[in-house]
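> Before I ask anything, let me first share the structure, which is written out below as structure tokens.
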Amino acid sequence: MDLRAVAMGLTFALIWSSAFTSARIIVDAAPPLYSLSARFAISGLIGIGIALALGQSFRLSRGQWRAVVVFGLCQNAIYLGLNFVAMQWIEASLAAIIASTMPLLVALANWTIFRERLPTMGVLGLIAGFAGVALIMAQRFGGGADPLGIALCLIGAVALAAATLTVRSASSDGGNLLMIVGLQMLVGSVALLLPAMLLEVPQVDWTMPFVVAFVYTTLMPGLAATLIWFLLVGRIGPTRAATYHFLNPVFGVAIAFVLLSEQLSWVDAVGVAIIAGGILAVQRARIAT
């Protein structure tokens with residue numbers, strides 16, 4: 001990895017991890033599905049507008065269109081939709097920790113379903129990563145964490161892993177990357193609108209923290225981080241790019257601690273360190289193969 005790739009990876013991890021804290025602020029003031037659908041609509045239209053101004057077009061390959069739909073549904077509608085709903089009941093730090101299992105789930109699927117060879121270090125990393133999650137879960141359940149919120153986040157992590165397995169085809173042609181990002185945002189917006197209309201009342205408490213969090217989430221995690229991720233995958237490949245996800249539990253917990261004053265126990269700290277080490281071991285093992 002060159003310095004540019006390292007900078008892109010660190011920037012992506014920081015922005016992506018901050019989304020859990022900003023989402024927690026948003027769902028305190030507005031219905032989660034309506035908020036997320038609106039965020040995707042705005043981000044998508046901005047992305048498509050910029051893409052058209054840069055000369056990009058809607059002429060995508062069949063693989064790219066498939067990836068747009070799958071990524072829009074799995075990451076934006078299912079993963080983020082479930083996380084936004086869940087954060088009505090659980091802390092942002094816990095949601096970030098659960099979401100950080102995505103590279104472990106991807107490696108597990110590649111190893112068990114697609115028969116990708118995984119060296120011993122990778123297998124040990126998988127075991128350590130999931131053990132770290134189990135350690136935190138046991139402690140949080142004992143502290144009264146909401147089981148439904150945790151279940152929704154776990155389902156979302158599986159959906160994100162499925163989306164990640166399709167990202168290579170969307171990153172194979174850098175000429176239309178911003179268009180791809182914008183289109184998959186619109187897919188997520190449309191997919192979330194119907195359940196929002198059926199399940200929620202569109203009432204918003206227009207506080208300053210809500211406005212700042214919504215604008216930040218729309219522009220940074222919503223648009224900038226997704227674009228950086230596609231560029232990073234196109235530059236160094238999905239396996240190397242996924243290495244930076246080992247920073248997500250660390251950054252996610254730290255940001256929630258600083259901005260939301262969420263409590264961090266020594267069990268959380270140990271569990272996060274184990275998860276991060278497990279992810280790093282898995283990704284280094286996959287790179288080595």
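Residue numbers start at 1 in each chain; chains themselves are named A, B, ... in the order of the structure tokens; ligands are numbered from 1 in the order shown.
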Would you kindly return, as a list in words, each protein, DNA or RNA residue with an atom no farther than 8 Å from any atom of Val106 of chain A, considering only C-alpha atoms and excluding same-chain residues fewer than 4 positions away?
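Using only C-alpha atoms, the neighbours found are Met102, Asn110, Ala161, Ala162, Thr164 and Leu165 of chain A.
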> What lies within 8 Å of segment 134-146 of chain A using only C-alpha atoms, ignoring chain neighbours under 5 positions off, as an MDAnalysis selection string?
chainID A and resid 89:90 267:268 271
> Taking into account only C-alpha atoms, which residue in the set A:Met185, A:Leu178, A:Arg62, A:Ile48 is nearest to Thr218 of chain A?
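That would be A:Met185, the residue with the smallest distance to Thr218 of chain A.
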> Please determine, counting only C-alpha atoms, which residue among A:Leu14, A:Met8, A:Leu104, A:Cys153 has the shortest atom-to-atom distance to Glu91 of chain A.
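Smallest separation from Glu91 of chain A among the options: A:Cys153.
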> Excluding Pro202 of chain A and residues on its chain fewer than 4 positions from it, collect all residues at most 8 Å away from it, counting only C-alpha atoms, and give them as number ranges by chain.
A: 30-31, 34
> Which of these residues is nearest to Gln283 of chain A, using only C-alpha atoms: A:Gln203, A:Asn248, A:Ser265, A:Thr239?
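Going through A:Gln203, A:Asn248, A:Ser265, A:Thr239 one by one, the smallest distance to Gln283 of chain A is for A:Thr239.
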> Quick one: distance from atom CA of Val212 of chain A to atom CA of Leu45 of chain A in Å, one decimal?
19.5 Å
> Got a sec: who's within 9 Å of Tyr244 of chain A, counting only C-alpha atoms, leaving out chain neighbours fewer than 3 positions off, as a PyMOL selection string?
chain A and resi 6+9-10+12-13+240-241+247-248+279-280
> Please produce a file of those selected residues containing N, CA and C atoms, as a PDB file, in the first residue's frame.

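Listing of part-v6.pdb after writing:
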```
ATOM      1  N   VAL A   6      -2.949   4.492   2.199  1.00  0.00           N
ATOM      2  CA  VAL A   6      -3.009   4.527   3.665  1.00  0.00           C
ATOM      3  C   VAL A   6      -3.865   5.705   4.135  1.00  0.00           C
ATOM      4  N   GLY A   9      -7.478   4.964   3.449  1.00  0.00           N
ATOM      5  CA  GLY A   9      -8.000   3.971   4.377  1.00  0.00           C
ATOM      6  C   GLY A   9      -8.275   4.543   5.757  1.00  0.00           C
ATOM      7  N   LEU A  10      -7.357   5.351   6.267  1.00  0.00           N
ATOM      8  CA  LEU A  10      -7.551   5.968   7.581  1.00  0.00           C
ATOM      9  C   LEU A  10      -8.722   6.946   7.564  1.00  0.00           C
ATOM     10  N   PHE A  12     -11.310   6.913   5.489  1.00  0.00           N
ATOM     11  CA  PHE A  12     -12.548   6.134   5.395  1.00  0.00           C
ATOM     12  C   PHE A  12     -12.950   5.581   6.751  1.00  0.00           C
ATOM     13  N   ALA A  13     -12.008   4.963   7.455  1.00  0.00           N
ATOM     14  CA  ALA A  13     -12.327   4.340   8.744  1.00  0.00           C
ATOM     15  C   ALA A  13     -12.831   5.369   9.748  1.00  0.00           C
ATOM     16  N   ARG A 240      -7.340  -6.072   0.659  1.00  0.00           N
ATOM     17  CA  ARG A 240      -6.476  -5.113   1.340  1.00  0.00           C
ATOM     18  C   ARG A 240      -7.274  -3.938   1.892  1.00  0.00           C
ATOM     19  N   ALA A 241      -8.268  -3.484   1.138  1.00  0.00           N
ATOM     20  CA  ALA A 241      -9.084  -2.354   1.604  1.00  0.00           C
ATOM     21  C   ALA A 241      -9.813  -2.715   2.892  1.00  0.00           C
ATOM     22  N   LEU A 247      -9.961  -0.816  12.273  1.00  0.00           N
ATOM     23  CA  LEU A 247      -9.994   0.432  13.036  1.00  0.00           C
ATOM     24  C   LEU A 247     -11.401   0.844  13.441  1.00  0.00           C
ATOM     25  N   ASN A 248     -12.424   0.289  12.794  1.00  0.00           N
ATOM     26  CA  ASN A 248     -13.790   0.743  13.047  1.00  0.00           C
ATOM     27  C   ASN A 248     -14.259   0.557  14.487  1.00  0.00           C
ATOM     28  N   ILE A 279      -9.510  -9.058  13.337  1.00  0.00           N
ATOM     29  CA  ILE A 279      -9.735  -8.567  11.970  1.00  0.00           C
ATOM     30  C   ILE A 279      -8.411  -8.382  11.247  1.00  0.00           C
ATOM     31  N   LEU A 280      -7.451  -7.775  11.937  1.00  0.00           N
ATOM     32  CA  LEU A 280      -6.142  -7.534  11.318  1.00  0.00           C
ATOM     33  C   LEU A 280      -5.461  -8.853  10.955  1.00  0.00           C
TER      34      LEU A 280
END
```
> Can you pull out every residue within 10 Å of Gly188 of chain A, counting only C-alpha atoms, but drop anything in the same chain fewer than 4 positions away, and send it as a PDB file with C-alpha atoms, in the first residue's frame?

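Dumped everything to selection_30.pdb:
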```pdb
ATOM      1  CA  LEU A  36     -32.312   7.657   6.416  1.00  0.00           C
ATOM      2  CA  SER A  37     -34.461   7.710   3.277  1.00  0.00           C
ATOM      3  CA  ALA A  38     -34.188  11.507   3.119  1.00  0.00           C
ATOM      4  CA  ARG A  39     -30.447  11.353   3.705  1.00  0.00           C
ATOM      5  CA  PHE A  40     -29.977   8.873   0.855  1.00  0.00           C
ATOM      6  CA  ALA A  41     -32.172  10.891  -1.491  1.00  0.00           C
ATOM      7  CA  GLY A  44     -27.769  10.409  -4.154  1.00  0.00           C
ATOM      8  CA  VAL A  68     -25.592  -0.808  -7.561  1.00  0.00           C
ATOM      9  CA  VAL A  69     -28.840  -2.616  -6.752  1.00  0.00           C
ATOM     10  CA  VAL A  70     -27.323  -5.163  -4.368  1.00  0.00           C
ATOM     11  CA  PHE A  71     -25.155  -2.606  -2.588  1.00  0.00           C
ATOM     12  CA  GLY A  72     -28.026  -0.135  -2.376  1.00  0.00           C
ATOM     13  CA  LEU A  73     -30.347  -2.739  -0.880  1.00  0.00           C
ATOM     14  CA  CYS A  74     -27.916  -4.619   1.363  1.00  0.00           C
ATOM     15  CA  GLN A  75     -25.787  -1.774   2.701  1.00  0.00           C
ATOM     16  CA  ASN A  76     -28.096   1.218   2.559  1.00  0.00           C
ATOM     17  CA  ALA A  77     -31.578  -0.202   3.081  1.00  0.00           C
ATOM     18  CA  ILE A  78     -30.960  -3.306   5.210  1.00  0.00           C
ATOM     19  CA  LEU A  80     -28.070   1.042   7.743  1.00  0.00           C
ATOM     20  CA  GLY A  81     -31.851   0.845   8.017  1.00  0.00           C
ATOM     21  CA  LEU A 183     -27.368   5.562  -7.818  1.00  0.00           C
ATOM     22  CA  GLN A 184     -26.925   3.118  -4.966  1.00  0.00           C
ATOM     23  CA  LEU A 192     -36.678   2.583   2.798  1.00  0.00           C
ATOM     24  CA  LEU A 193     -39.516   4.928   1.903  1.00  0.00           C
TER      25      LEU A 193
END
```
> When you count only C-alpha atoms, which of these residues is closest to Ser18 of chain A: A:Pro249, A:Gly63, A:Pro238, A:Gly55?
A:Pro249
> Using DSSP on the backbone coordinates, identify all residues within segment 181-226 of chain A classified as helix (DSSP H, G or I); present the result as a VMD selection string.
chain A and resid 181 to 199 208 to 226
> Write the residues of the selection above to a file with N, CA, C and O atoms, as a short mmCIF file (atom, residue, chain, number, x, y, z; two decimals), in the first residue's frame.

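Written output follows (out27.cif):
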```cif
data_model
loop_
_atom_site.label_atom_id
_atom_site.label_comp_id
_atom_site.auth_asym_id
_atom_site.auth_seq_id
_atom_site.Cartn_x
_atom_site.Cartn_y
_atom_site.Cartn_z
N VAL A 181 -22.03 5.56 -6.91
CA VAL A 181 -22.31 5.92 -5.52
C VAL A 181 -23.68 6.60 -5.42
O VAL A 181 -24.50 6.26 -4.56
N GLY A 182 -23.93 7.57 -6.30
CA GLY A 182 -25.20 8.27 -6.26
C GLY A 182 -26.39 7.36 -6.51
O GLY A 182 -27.42 7.45 -5.83
N LEU A 183 -26.26 6.46 -7.48
CA LEU A 183 -27.37 5.56 -7.82
C LEU A 183 -27.68 4.59 -6.69
O LEU A 183 -28.85 4.32 -6.39
N GLN A 184 -26.63 4.06 -6.04
CA GLN A 184 -26.93 3.12 -4.97
C GLN A 184 -27.53 3.82 -3.76
O GLN A 184 -28.28 3.22 -2.99
N MET A 185 -27.25 5.13 -3.61
CA MET A 185 -27.94 5.90 -2.57
C MET A 185 -29.43 6.00 -2.87
O MET A 185 -30.28 5.85 -1.98
N LEU A 186 -29.78 6.26 -4.12
CA LEU A 186 -31.19 6.37 -4.49
C LEU A 186 -31.91 5.03 -4.33
O LEU A 186 -33.09 5.01 -3.95
N VAL A 187 -31.23 3.95 -4.63
CA VAL A 187 -31.82 2.62 -4.41
C VAL A 187 -32.19 2.45 -2.94
O VAL A 187 -33.29 2.00 -2.60
N GLY A 188 -31.27 2.83 -2.06
CA GLY A 188 -31.54 2.72 -0.63
C GLY A 188 -32.68 3.62 -0.19
O GLY A 188 -33.53 3.24 0.62
N SER A 189 -32.73 4.84 -0.75
CA SER A 189 -33.79 5.78 -0.38
C SER A 189 -35.17 5.24 -0.75
O SER A 189 -36.11 5.28 0.06
N VAL A 190 -35.30 4.74 -1.97
CA VAL A 190 -36.59 4.21 -2.43
C VAL A 190 -36.99 2.98 -1.61
O VAL A 190 -38.15 2.83 -1.22
N ALA A 191 -36.02 2.11 -1.33
CA ALA A 191 -36.32 0.88 -0.60
C ALA A 191 -36.79 1.17 0.83
O ALA A 191 -37.58 0.40 1.39
N LEU A 192 -36.32 2.26 1.42
CA LEU A 192 -36.68 2.58 2.80
C LEU A 192 -37.96 3.39 2.91
O LEU A 192 -38.56 3.46 4.00
N LEU A 193 -38.38 4.01 1.82
CA LEU A 193 -39.52 4.93 1.90
C LEU A 193 -40.82 4.22 2.26
O LEU A 193 -41.60 4.70 3.10
N LEU A 194 -41.09 3.07 1.65
CA LEU A 194 -42.35 2.36 1.92
C LEU A 194 -42.45 1.91 3.37
O LEU A 194 -43.47 2.19 4.03
N PRO A 195 -41.44 1.22 3.93
CA PRO A 195 -41.56 0.86 5.36
C PRO A 195 -41.64 2.07 6.27
O PRO A 195 -42.30 2.02 7.31
N ALA A 196 -40.99 3.17 5.88
CA ALA A 196 -41.11 4.39 6.69
C ALA A 196 -42.54 4.89 6.70
O ALA A 196 -43.09 5.26 7.76
N MET A 197 -43.19 4.89 5.55
CA MET A 197 -44.58 5.36 5.46
C MET A 197 -45.54 4.45 6.21
O MET A 197 -46.54 4.91 6.77
N LEU A 198 -45.22 3.16 6.26
CA LEU A 198 -46.10 2.21 6.93
C LEU A 198 -45.90 2.20 8.44
O LEU A 198 -46.86 1.95 9.20
N LEU A 199 -44.68 2.47 8.90
CA LEU A 199 -44.35 2.24 10.30
C LEU A 199 -44.11 3.50 11.12
O LEU A 199 -44.13 3.42 12.36
N MET A 208 -30.56 21.96 17.03
CA MET A 208 -29.28 22.18 16.35
C MET A 208 -28.44 20.91 16.24
O MET A 208 -27.86 20.64 15.18
N PRO A 209 -28.34 20.10 17.32
CA PRO A 209 -27.58 18.84 17.17
C PRO A 209 -28.13 17.95 16.06
O PRO A 209 -27.36 17.32 15.33
N PHE A 210 -29.47 17.90 15.93
CA PHE A 210 -30.06 17.09 14.86
C PHE A 210 -29.66 17.62 13.49
O PHE A 210 -29.27 16.84 12.60
N VAL A 211 -29.78 18.92 13.28
CA VAL A 211 -29.46 19.52 11.98
C VAL A 211 -28.00 19.27 11.62
O VAL A 211 -27.68 18.86 10.50
N VAL A 212 -27.10 19.51 12.57
CA VAL A 212 -25.67 19.31 12.32
C VAL A 212 -25.38 17.84 12.01
O VAL A 212 -24.66 17.51 11.06
N ALA A 213 -25.96 16.94 12.81
CA ALA A 213 -25.74 15.51 12.60
C ALA A 213 -26.29 15.05 11.26
O ALA A 213 -25.66 14.24 10.56
N PHE A 214 -27.47 15.55 10.87
CA PHE A 214 -28.07 15.14 9.61
C PHE A 214 -27.24 15.62 8.42
O PHE A 214 -26.97 14.85 7.48
N VAL A 215 -26.81 16.89 8.44
CA VAL A 215 -25.99 17.42 7.35
C VAL A 215 -24.67 16.66 7.27
O VAL A 215 -24.22 16.27 6.19
N TYR A 216 -24.05 16.45 8.43
CA TYR A 216 -22.77 15.72 8.44
C TYR A 216 -22.94 14.31 7.90
O TYR A 216 -22.15 13.85 7.06
N THR A 217 -23.96 13.61 8.37
CA THR A 217 -24.17 12.22 7.94
C THR A 217 -24.48 12.14 6.45
O THR A 217 -24.04 11.21 5.77
N THR A 218 -25.21 13.12 5.94
CA THR A 218 -25.56 13.13 4.52
C THR A 218 -24.34 13.31 3.64
O THR A 218 -24.16 12.61 2.64
N LEU A 219 -23.45 14.23 4.03
CA LEU A 219 -22.32 14.58 3.17
C LEU A 219 -21.08 13.72 3.41
O LEU A 219 -20.38 13.38 2.45
N MET A 220 -20.83 13.34 4.65
CA MET A 220 -19.57 12.65 4.96
C MET A 220 -19.72 11.13 4.92
O MET A 220 -19.30 10.49 3.96
N PRO A 221 -20.34 10.48 5.93
CA PRO A 221 -20.53 9.02 5.79
C PRO A 221 -21.40 8.66 4.59
O PRO A 221 -21.16 7.65 3.92
N GLY A 222 -22.40 9.51 4.30
CA GLY A 222 -23.32 9.18 3.22
C GLY A 222 -22.72 9.23 1.84
O GLY A 222 -23.00 8.37 1.00
N LEU A 223 -21.87 10.22 1.57
CA LEU A 223 -21.35 10.40 0.21
C LEU A 223 -19.83 10.24 0.17
O LEU A 223 -19.31 9.42 -0.59
N ALA A 224 -19.12 11.01 0.99
CA ALA A 224 -17.66 11.02 0.91
C ALA A 224 -17.05 9.66 1.26
O ALA A 224 -16.19 9.15 0.54
N ALA A 225 -17.51 9.05 2.38
CA ALA A 225 -16.92 7.78 2.81
C ALA A 225 -17.18 6.67 1.79
O ALA A 225 -16.29 5.84 1.54
N THR A 226 -18.38 6.65 1.22
CA THR A 226 -18.70 5.62 0.23
C THR A 226 -17.83 5.77 -1.01
O THR A 226 -17.32 4.78 -1.56
#
```
> Could you give me, as a PDB file with N, CA, C and O atoms, in the first residue's frame, the residues within 8 Å of Val253 of chain A, counting only C-alpha atoms and dropping anything in the same chain fewer than 6 positions from it?

```
ATOM      1  N   ALA A  92     -24.509   3.825  20.485  1.00  0.00           N
ATOM      2  CA  ALA A  92     -23.764   3.909  19.222  1.00  0.00           C
ATOM      3  C   ALA A  92     -22.504   3.045  19.264  1.00  0.00           C
ATOM      4  O   ALA A  92     -22.122   2.445  18.258  1.00  0.00           O
ATOM      5  N   SER A  93     -21.845   2.988  20.418  1.00  0.00           N
ATOM      6  CA  SER A  93     -20.619   2.197  20.529  1.00  0.00           C
ATOM      7  C   SER A  93     -20.889   0.722  20.297  1.00  0.00           C
ATOM      8  O   SER A  93     -20.107   0.031  19.628  1.00  0.00           O
ATOM      9  N   LEU A  94     -22.004   0.216  20.809  1.00  0.00           N
ATOM     10  CA  LEU A  94     -22.342  -1.198  20.613  1.00  0.00           C
ATOM     11  C   LEU A  94     -22.671  -1.472  19.152  1.00  0.00           C
ATOM     12  O   LEU A  94     -22.264  -2.497  18.593  1.00  0.00           O
ATOM     13  N   ALA A  96     -21.481   0.114  16.608  1.00  0.00           N
ATOM     14  CA  ALA A  96     -20.208   0.159  15.884  1.00  0.00           C
ATOM     15  C   ALA A  96     -19.421  -1.137  16.062  1.00  0.00           C
ATOM     16  O   ALA A  96     -18.797  -1.632  15.115  1.00  0.00           O
ATOM     17  N   ILE A  97     -19.456  -1.674  17.253  1.00  0.00           N
ATOM     18  CA  ILE A  97     -18.737  -2.925  17.526  1.00  0.00           C
ATOM     19  C   ILE A  97     -19.326  -4.071  16.702  1.00  0.00           C
ATOM     20  O   ILE A  97     -18.601  -4.864  16.088  1.00  0.00           O
ATOM     21  N   LEU A 264     -17.491   3.376  28.832  1.00  0.00           N
ATOM     22  CA  LEU A 264     -16.600   2.367  28.268  1.00  0.00           C
ATOM     23  C   LEU A 264     -15.971   1.597  29.418  1.00  0.00           C
ATOM     24  O   LEU A 264     -15.176   2.142  30.187  1.00  0.00           O
TER      25      LEU A 264
END
```
> Rank nothing, just name the residue among A:Ala273, A:Ile46, A:Val133, A:Leu124 nearest to Ala107 of chain A, using only C-alpha atoms.
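Distance minimum relative to Ala107 of chain A lands on A:Leu124.
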